[in-house]
Each structure stands twice: as C-alpha cells, then as structure tokens.
$ cat work_0.txt   # compact mmCIF, N, CA and C atoms
# COMPACT_ATOMS: atom_id res chain seq x y z
N MET A 273 207.19 -268.86 126.37
CA MET A 273 206.60 -268.11 127.46
C MET A 273 206.54 -266.62 127.12
N LYS A 274 207.65 -266.08 126.55
CA LYS A 274 207.68 -264.66 126.19
C LYS A 274 206.63 -264.35 125.13
N ARG A 275 206.45 -265.31 124.22
CA ARG A 275 205.47 -265.12 123.15
C ARG A 275 204.06 -265.06 123.73
N THR A 276 203.75 -265.89 124.70
CA THR A 276 202.44 -265.90 125.35
C THR A 276 202.19 -264.59 126.08
N ILE A 277 203.19 -264.11 126.78
CA ILE A 277 203.05 -262.84 127.51
C ILE A 277 202.86 -261.69 126.52
N ARG A 278 203.67 -261.70 125.44
CA ARG A 278 203.55 -260.65 124.43
C ARG A 278 202.17 -260.66 123.79
N THR A 279 201.63 -261.84 123.50
CA THR A 279 200.30 -261.97 122.91
C THR A 279 199.23 -261.46 123.87
N ALA A 280 199.36 -261.81 125.14
CA ALA A 280 198.39 -261.37 126.15
C ALA A 280 198.44 -259.85 126.31
N VAL A 281 199.64 -259.28 126.36
CA VAL A 281 199.78 -257.82 126.49
C VAL A 281 199.19 -257.12 125.27
N SER A 282 199.45 -257.67 124.07
CA SER A 282 198.90 -257.08 122.85
C SER A 282 197.37 -257.13 122.86
N ALA A 283 196.83 -258.25 123.30
CA ALA A 283 195.37 -258.39 123.36
C ALA A 283 194.77 -257.39 124.35
N LEU A 284 195.42 -257.24 125.49
CA LEU A 284 194.95 -256.26 126.48
C LEU A 284 195.03 -254.84 125.93
N ALA A 285 196.10 -254.54 125.22
CA ALA A 285 196.26 -253.20 124.65
C ALA A 285 195.17 -252.91 123.63
N VAL A 286 194.87 -253.88 122.77
CA VAL A 286 193.81 -253.71 121.76
C VAL A 286 192.45 -253.53 122.45
N THR A 287 192.18 -254.35 123.46
CA THR A 287 190.92 -254.24 124.20
C THR A 287 190.82 -252.88 124.87
N GLY A 288 191.90 -252.43 125.52
CA GLY A 288 191.90 -251.12 126.18
C GLY A 288 191.68 -250.00 125.19
N LEU A 289 192.29 -250.09 124.01
CA LEU A 289 192.11 -249.08 122.99
C LEU A 289 190.67 -249.04 122.51
N ALA A 290 190.08 -250.21 122.29
CA ALA A 290 188.68 -250.26 121.84
C ALA A 290 187.75 -249.67 122.90
N LEU A 291 187.97 -250.04 124.15
CA LEU A 291 187.13 -249.49 125.22
C LEU A 291 187.36 -248.00 125.37
N GLY A 292 188.58 -247.56 125.24
CA GLY A 292 188.90 -246.14 125.35
C GLY A 292 188.22 -245.34 124.25
N LEU A 293 188.23 -245.85 123.04
CA LEU A 293 187.56 -245.16 121.94
C LEU A 293 186.06 -245.09 122.16
N GLY A 294 185.49 -246.17 122.71
CA GLY A 294 184.06 -246.17 123.02
C GLY A 294 183.74 -245.13 124.09
N ALA A 295 184.60 -245.00 125.09
CA ALA A 295 184.39 -244.02 126.14
C ALA A 295 184.51 -242.61 125.59
N CYS A 296 185.43 -242.40 124.68
CA CYS A 296 185.57 -241.07 124.06
C CYS A 296 184.30 -240.72 123.30
N SER A 297 183.76 -241.70 122.61
CA SER A 297 182.53 -241.46 121.87
C SER A 297 181.39 -241.05 122.81
N ALA A 298 181.26 -241.74 123.93
CA ALA A 298 180.22 -241.40 124.91
C ALA A 298 180.50 -240.03 125.51
N ALA A 299 181.76 -239.72 125.80
CA ALA A 299 182.13 -238.42 126.36
C ALA A 299 181.84 -237.32 125.34
N ASP A 300 182.12 -237.58 124.06
CA ASP A 300 181.83 -236.58 123.03
C ASP A 300 180.33 -236.30 122.94
N LYS A 301 179.52 -237.36 123.04
CA LYS A 301 178.06 -237.17 123.00
C LYS A 301 177.59 -236.36 124.20
N ALA A 302 178.14 -236.65 125.37
CA ALA A 302 177.76 -235.90 126.57
C ALA A 302 178.17 -234.44 126.44
N ALA A 303 179.36 -234.19 125.90
CA ALA A 303 179.82 -232.81 125.71
C ALA A 303 178.92 -232.07 124.73
N ASP A 304 178.48 -232.75 123.67
CA ASP A 304 177.57 -232.14 122.70
C ASP A 304 176.24 -231.76 123.37
N GLN A 305 175.72 -232.63 124.25
CA GLN A 305 174.47 -232.35 124.95
C GLN A 305 174.62 -231.16 125.88
N VAL A 306 175.75 -231.07 126.58
CA VAL A 306 176.00 -229.94 127.48
C VAL A 306 176.08 -228.65 126.68
N ASP A 307 176.82 -228.67 125.55
CA ASP A 307 176.93 -227.48 124.71
C ASP A 307 175.55 -227.03 124.23
N LYS A 308 174.73 -227.97 123.82
CA LYS A 308 173.40 -227.62 123.34
C LYS A 308 172.57 -227.01 124.47
N ALA A 309 172.63 -227.61 125.66
CA ALA A 309 171.86 -227.11 126.80
C ALA A 309 172.33 -225.73 127.22
N VAL A 310 173.61 -225.47 127.16
CA VAL A 310 174.13 -224.17 127.58
C VAL A 310 173.74 -223.08 126.59
N ASN A 311 173.63 -223.40 125.33
CA ASN A 311 173.32 -222.40 124.31
C ASN A 311 171.82 -222.22 124.07
N GLU A 312 171.00 -223.13 124.53
CA GLU A 312 169.56 -223.05 124.33
C GLU A 312 168.96 -221.98 125.25
N THR A 313 167.91 -221.30 124.79
CA THR A 313 167.25 -220.29 125.61
C THR A 313 165.83 -220.72 125.93
N PHE A 314 165.27 -220.10 126.99
CA PHE A 314 163.90 -220.37 127.37
C PHE A 314 163.32 -219.14 128.06
N GLU A 315 162.01 -219.02 128.04
CA GLU A 315 161.34 -217.89 128.69
C GLU A 315 160.65 -218.33 129.96
N VAL A 316 160.71 -217.48 130.97
CA VAL A 316 159.94 -217.68 132.19
C VAL A 316 159.27 -216.36 132.54
N THR A 317 158.19 -216.47 133.28
CA THR A 317 157.51 -215.30 133.79
C THR A 317 157.56 -215.35 135.31
N TYR A 318 157.97 -214.24 135.89
CA TYR A 318 157.97 -214.11 137.34
C TYR A 318 156.73 -213.33 137.74
N GLU A 319 156.10 -213.76 138.83
CA GLU A 319 154.95 -213.04 139.37
C GLU A 319 155.16 -212.84 140.87
N VAL A 320 154.90 -211.62 141.33
CA VAL A 320 155.00 -211.31 142.75
C VAL A 320 153.77 -210.51 143.14
N SER A 321 153.16 -210.89 144.26
CA SER A 321 152.02 -210.12 144.77
C SER A 321 152.18 -209.93 146.28
N GLY A 322 151.53 -208.93 146.80
CA GLY A 322 151.59 -208.64 148.23
C GLY A 322 151.65 -207.14 148.45
N LYS A 323 151.70 -206.76 149.70
CA LYS A 323 151.75 -205.34 150.06
C LYS A 323 153.09 -205.01 150.70
N GLY A 324 153.48 -203.76 150.59
CA GLY A 324 154.70 -203.30 151.23
C GLY A 324 155.97 -203.86 150.64
N ILE A 325 155.98 -204.14 149.34
CA ILE A 325 157.17 -204.70 148.71
C ILE A 325 158.18 -203.58 148.45
N GLU A 326 159.35 -203.74 149.03
CA GLU A 326 160.42 -202.76 148.90
C GLU A 326 161.19 -202.93 147.60
N SER A 327 161.48 -204.18 147.25
CA SER A 327 162.25 -204.44 146.03
C SER A 327 162.05 -205.88 145.58
N ILE A 328 162.37 -206.10 144.32
CA ILE A 328 162.35 -207.44 143.74
C ILE A 328 163.64 -207.61 142.96
N GLU A 329 164.39 -208.65 143.29
CA GLU A 329 165.58 -209.01 142.52
C GLU A 329 165.27 -210.28 141.75
N TYR A 330 165.84 -210.40 140.55
CA TYR A 330 165.55 -211.56 139.71
C TYR A 330 166.67 -211.79 138.71
N HIS A 331 166.76 -213.03 138.22
CA HIS A 331 167.67 -213.36 137.13
C HIS A 331 166.97 -212.92 135.84
N GLY A 332 167.59 -211.98 135.15
CA GLY A 332 166.98 -211.45 133.93
C GLY A 332 167.62 -211.93 132.65
N GLY A 333 168.64 -212.79 132.74
CA GLY A 333 169.28 -213.32 131.55
C GLY A 333 170.69 -212.82 131.33
N SER A 334 171.12 -211.82 132.11
CA SER A 334 172.49 -211.32 131.99
C SER A 334 173.43 -212.21 132.79
N GLY A 335 174.70 -212.12 132.46
CA GLY A 335 175.69 -212.95 133.13
C GLY A 335 175.79 -214.30 132.45
N THR A 336 176.34 -215.25 133.19
CA THR A 336 176.49 -216.60 132.64
C THR A 336 175.51 -217.54 133.34
N ALA A 337 175.39 -218.73 132.79
CA ALA A 337 174.48 -219.71 133.39
C ALA A 337 174.88 -220.04 134.82
N MET A 338 176.18 -220.09 135.09
CA MET A 338 176.66 -220.43 136.43
C MET A 338 176.77 -219.22 137.34
N GLU A 339 176.83 -218.02 136.76
CA GLU A 339 176.91 -216.79 137.55
C GLU A 339 175.96 -215.75 136.96
N PRO A 340 174.66 -215.96 137.17
CA PRO A 340 173.69 -214.99 136.62
C PRO A 340 173.78 -213.65 137.34
N LYS A 341 173.57 -212.59 136.59
CA LYS A 341 173.56 -211.24 137.15
C LYS A 341 172.15 -210.93 137.63
N LEU A 342 172.05 -210.37 138.83
CA LEU A 342 170.75 -210.01 139.37
C LEU A 342 170.32 -208.64 138.85
N GLU A 343 169.06 -208.54 138.50
CA GLU A 343 168.45 -207.26 138.17
C GLU A 343 167.52 -206.90 139.31
N LYS A 344 167.23 -205.61 139.48
CA LYS A 344 166.46 -205.18 140.63
C LYS A 344 165.45 -204.10 140.26
N GLU A 345 164.27 -204.22 140.83
CA GLU A 345 163.26 -203.17 140.72
C GLU A 345 162.89 -202.73 142.12
N SER A 346 162.96 -201.43 142.37
CA SER A 346 162.64 -200.87 143.68
C SER A 346 161.21 -200.34 143.70
N LYS A 347 160.56 -200.55 144.82
CA LYS A 347 159.18 -200.08 145.05
C LYS A 347 158.24 -200.40 143.88
N PRO A 348 158.17 -201.67 143.48
CA PRO A 348 157.30 -202.02 142.35
C PRO A 348 155.82 -201.96 142.74
N THR A 349 154.99 -201.71 141.75
CA THR A 349 153.55 -201.80 141.98
C THR A 349 153.17 -203.27 141.85
N THR A 350 152.21 -203.69 142.66
CA THR A 350 151.79 -205.09 142.62
C THR A 350 150.35 -205.20 142.18
N PRO A 351 149.98 -206.30 141.60
CA PRO A 351 150.81 -207.47 141.30
C PRO A 351 151.85 -207.12 140.23
N TRP A 352 153.05 -207.68 140.41
CA TRP A 352 154.18 -207.43 139.52
C TRP A 352 154.40 -208.67 138.67
N LYS A 353 154.69 -208.44 137.39
CA LYS A 353 154.91 -209.56 136.46
C LYS A 353 156.02 -209.17 135.50
N LYS A 354 156.93 -210.12 135.23
CA LYS A 354 158.04 -209.85 134.32
C LYS A 354 158.37 -211.14 133.58
N THR A 355 158.45 -211.06 132.24
CA THR A 355 158.86 -212.19 131.42
C THR A 355 160.28 -211.93 130.94
N VAL A 356 161.15 -212.94 131.12
CA VAL A 356 162.56 -212.81 130.74
C VAL A 356 162.99 -214.03 129.94
N THR A 357 164.05 -213.87 129.19
CA THR A 357 164.66 -214.97 128.45
C THR A 357 165.97 -215.33 129.13
N LEU A 358 166.07 -216.59 129.53
CA LEU A 358 167.26 -217.09 130.20
C LEU A 358 167.98 -218.07 129.29
N LYS A 359 169.24 -218.39 129.63
CA LYS A 359 170.03 -219.29 128.80
C LYS A 359 170.41 -220.55 129.54
N GLY A 360 170.38 -221.64 128.81
CA GLY A 360 170.93 -222.90 129.29
C GLY A 360 170.45 -223.34 130.65
N ILE A 361 171.40 -223.60 131.52
CA ILE A 361 171.07 -224.12 132.84
C ILE A 361 170.91 -223.02 133.89
N MET A 362 170.81 -221.76 133.43
CA MET A 362 170.61 -220.65 134.36
C MET A 362 169.31 -220.86 135.14
N PRO A 363 169.38 -220.84 136.46
CA PRO A 363 168.16 -221.08 137.24
C PRO A 363 167.25 -219.86 137.24
N PRO A 364 165.97 -220.04 136.93
CA PRO A 364 165.04 -218.93 137.07
C PRO A 364 164.88 -218.60 138.56
N ALA A 365 164.98 -217.31 138.90
CA ALA A 365 164.88 -216.94 140.31
C ALA A 365 164.32 -215.54 140.47
N VAL A 366 163.42 -215.40 141.44
CA VAL A 366 162.87 -214.08 141.80
C VAL A 366 162.82 -214.01 143.33
N MET A 367 163.35 -212.90 143.87
CA MET A 367 163.45 -212.76 145.32
C MET A 367 162.87 -211.42 145.76
N PRO A 368 161.64 -211.42 146.28
CA PRO A 368 161.04 -210.17 146.75
C PRO A 368 161.43 -209.86 148.20
N ILE A 369 161.51 -208.57 148.52
CA ILE A 369 161.75 -208.10 149.88
C ILE A 369 160.52 -207.26 150.26
N SER A 370 159.87 -207.65 151.36
CA SER A 370 158.63 -207.00 151.76
C SER A 370 158.66 -206.62 153.24
N LEU A 371 158.02 -205.49 153.56
CA LEU A 371 157.86 -205.08 154.95
C LEU A 371 156.74 -205.86 155.61
N ASN A 372 155.87 -206.47 154.79
CA ASN A 372 154.73 -207.22 155.28
C ASN A 372 154.68 -208.58 154.57
N PRO A 373 155.53 -209.53 154.98
CA PRO A 373 155.61 -210.79 154.24
C PRO A 373 154.41 -211.72 154.41
N ALA A 374 153.48 -211.40 155.29
CA ALA A 374 152.34 -212.30 155.53
C ALA A 374 151.55 -212.60 154.26
N ASP A 375 151.36 -211.60 153.39
CA ASP A 375 150.56 -211.84 152.17
C ASP A 375 151.43 -211.89 150.91
N LEU A 376 152.72 -212.07 151.07
CA LEU A 376 153.66 -212.11 149.96
C LEU A 376 153.59 -213.46 149.23
N THR A 377 153.60 -213.40 147.90
CA THR A 377 153.62 -214.61 147.06
C THR A 377 154.55 -214.36 145.88
N CYS A 378 155.37 -215.37 145.54
CA CYS A 378 156.17 -215.30 144.32
C CYS A 378 156.01 -216.60 143.54
N LYS A 379 156.12 -216.46 142.21
CA LYS A 379 155.99 -217.64 141.33
C LYS A 379 156.98 -217.53 140.18
N VAL A 380 157.41 -218.69 139.71
CA VAL A 380 158.19 -218.81 138.48
C VAL A 380 157.35 -219.70 137.57
N ILE A 381 157.02 -219.17 136.38
CA ILE A 381 156.14 -219.89 135.45
C ILE A 381 156.85 -220.09 134.12
N HIS A 382 156.77 -221.31 133.60
CA HIS A 382 157.36 -221.66 132.29
C HIS A 382 156.30 -222.39 131.48
N GLU A 383 155.98 -221.83 130.31
CA GLU A 383 154.99 -222.42 129.40
C GLU A 383 153.69 -222.77 130.13
N GLY A 384 153.22 -221.86 130.99
CA GLY A 384 151.96 -222.05 131.69
C GLY A 384 152.03 -222.93 132.92
N LYS A 385 153.18 -223.52 133.19
CA LYS A 385 153.34 -224.41 134.34
C LYS A 385 154.13 -223.70 135.44
N VAL A 386 153.62 -223.75 136.67
CA VAL A 386 154.32 -223.15 137.79
C VAL A 386 155.49 -224.06 138.19
N LEU A 387 156.71 -223.55 138.01
CA LEU A 387 157.90 -224.32 138.38
C LEU A 387 158.21 -224.20 139.86
N LYS A 388 157.90 -223.03 140.43
CA LYS A 388 158.17 -222.80 141.84
C LYS A 388 157.21 -221.73 142.36
N GLU A 389 156.71 -221.94 143.57
CA GLU A 389 155.85 -220.96 144.22
C GLU A 389 156.18 -220.95 145.70
N ALA A 390 156.21 -219.75 146.27
CA ALA A 390 156.45 -219.62 147.71
C ALA A 390 155.55 -218.52 148.25
N LYS A 391 155.14 -218.68 149.52
CA LYS A 391 154.23 -217.71 150.14
C LYS A 391 154.76 -217.29 151.50
N GLY A 392 154.36 -216.09 151.90
CA GLY A 392 154.68 -215.59 153.23
C GLY A 392 156.17 -215.48 153.47
N ALA A 393 156.58 -215.88 154.66
CA ALA A 393 157.99 -215.79 155.06
C ALA A 393 158.90 -216.61 154.15
N ASP A 394 158.39 -217.73 153.62
CA ASP A 394 159.19 -218.55 152.70
C ASP A 394 159.53 -217.79 151.42
N ALA A 395 158.58 -216.97 150.95
CA ALA A 395 158.81 -216.19 149.74
C ALA A 395 159.91 -215.15 149.96
N MET A 396 159.97 -214.62 151.17
CA MET A 396 160.99 -213.61 151.43
C MET A 396 162.32 -214.25 151.82
N ALA A 397 162.27 -215.33 152.54
CA ALA A 397 163.50 -215.98 153.02
C ALA A 397 164.34 -216.54 151.88
N GLY A 398 163.72 -217.21 150.93
CA GLY A 398 164.49 -217.82 149.85
C GLY A 398 164.01 -217.43 148.49
N GLY A 399 162.92 -216.71 148.43
CA GLY A 399 162.35 -216.35 147.13
C GLY A 399 161.87 -217.58 146.40
N CYS A 400 161.79 -217.45 145.10
CA CYS A 400 161.39 -218.57 144.25
C CYS A 400 162.54 -218.87 143.30
N VAL A 401 163.21 -219.97 143.52
CA VAL A 401 164.32 -220.39 142.68
C VAL A 401 163.97 -221.77 142.14
N ALA A 402 163.98 -221.89 140.81
CA ALA A 402 163.61 -223.16 140.17
C ALA A 402 164.81 -223.72 139.40
N VAL A 403 164.71 -224.94 139.01
CA VAL A 403 165.72 -225.58 138.15
C VAL A 403 165.37 -225.22 136.71
N SER A 404 166.38 -224.93 135.92
CA SER A 404 166.17 -224.63 134.51
C SER A 404 165.40 -225.77 133.85
N PRO A 405 164.35 -225.47 133.07
CA PRO A 405 163.62 -226.54 132.39
C PRO A 405 164.50 -227.27 131.37
N ILE A 406 165.59 -226.68 130.94
CA ILE A 406 166.51 -227.33 130.03
C ILE A 406 167.35 -228.36 130.76
N ALA A 407 167.71 -228.05 132.01
CA ALA A 407 168.54 -228.95 132.80
C ALA A 407 167.76 -230.11 133.38
N GLY A 408 166.51 -229.91 133.65
CA GLY A 408 165.77 -230.96 134.34
C GLY A 408 164.59 -231.34 133.61

$ encode --input "work_0.txt" --output "structure tokens"
Amino acid sequence: MKRTIRTAVSALAVTGLALGLGACSAADKAADQVDKAVNETFEVTYEVSGKGIESIEYHGGSGTAMEPKLEKESKPTTPWKKTVTLKGIMPPAVMPISLNPADLTCKVIHEGKVLKEAKGADAMAGGCVAVSPIAG
C-alpha cells in the first residue's frame, strides 16, 4: 500500500513539474512580448481645429507608458498639428480647451488612419484619447 501511494505521489510530482515548466515557458513568452511592446516606439499626429482655443495639452512622449507627462501649448493658432513619438503602450491623447467648443474638433492619427476623433463638447470634455497601436 505504501509503495502504491509513493508511486502515485511521485507521478503527481513529475506531472506537476512538467506542467509548471510549461507554464513558465508561456509566462516567459508573455513577458518577452510585454518587454517588446513597452520598448517599441510609434508616431502619431494630433490635429485640433476650431476658434477660441485657449490651450492644448497632449502626450508628447515624456514620462512613462503608464504615467505620461502632459505637454501644453497656450493660445495656439489653428488649425494646429503636432507629430510626436510615443513609447509602448502609452496612450496617444490630445485635450483642447476652447471658449467656443461648438466648432472644436480633435483627432489622433497613426499611419494615415484616424484612431480617435471628437467634436464639439465631446472634444473638450474628454479630448481625444486612443489606445496605443502597439497595445491593440
């Protein structure tokens, strides 16, 4: 009886070890993909149009992917356009503040494709925040 239990425990231990090693391999691959995504860079272009724009804040690539630093331009001339290089999963974002939001428009563009667009009060309330093209 002890021999049967010992054999069963040994078999379970070997199976657990094999499964554990397989899980480590999958975890290592996932970690490699995250590292690659965090270190990869991409360009986006922000566009803002409208009248009475007081300021524009945007992610310009400074800071970290999880805590991007905002850059700001006061009293910009419109239409306003800015191309920036971002890293990894940093979300592209542009947030205009306008005294006249009725004709306000913001866009985030990546490789000619509009990732996010907002108009009027929506453009001022939340701006244009997109998901990083590397993350999604």

$ closest_residue --input "work_0.txt" --among "A:Ile369, A:Val356, A:Ser321, A:Lys347" --to "Ala397 of chain A" --atoms "only C-alpha atoms"
A:Ile369

$ residues_near_point --input "work_0.txt" --point "(161.4, -222.8, 134.6)" --cutoff "6 Å" --atoms "all atoms listed in the file" --output "list in words"
Val316, Pro364, Val380, Ile381, His382, Leu387, Ala402, Val403, Ser404 and Pro405 of chain A

$ residues_around --input "work_0.txt" --residues "Glu329 of chain A" --least-positions-apart "6" --cutoff "6.5 Å" --atoms "only N, CA and C atoms" --output "MDAnalysis selection string"
chainID A and resid 342:345 365:369

$ atom_distance --input "work_0.txt" --atom1 "atom N of Glu383 of chain A" --atom2 "atom CA of Gly399 of chain A"
18.8 Å

$ atom_distance --input "work_0.txt" --atom1 "atom CA of Tyr318 of chain A" --atom2 "atom CA of Ala374 of chain A"
19.1 Å

$ atom_distance --input "work_0.txt" --atom1 "atom N of Val386 of chain A" --atom2 "atom N of Ile406 of chain A"
13.6 Å

$ closest_residue --input "work_0.txt" --among "A:Val320, A:Val310, A:Ala337, A:Ile361" --to "Leu376 of chain A" --atoms "all atoms listed in the file"
A:Val320
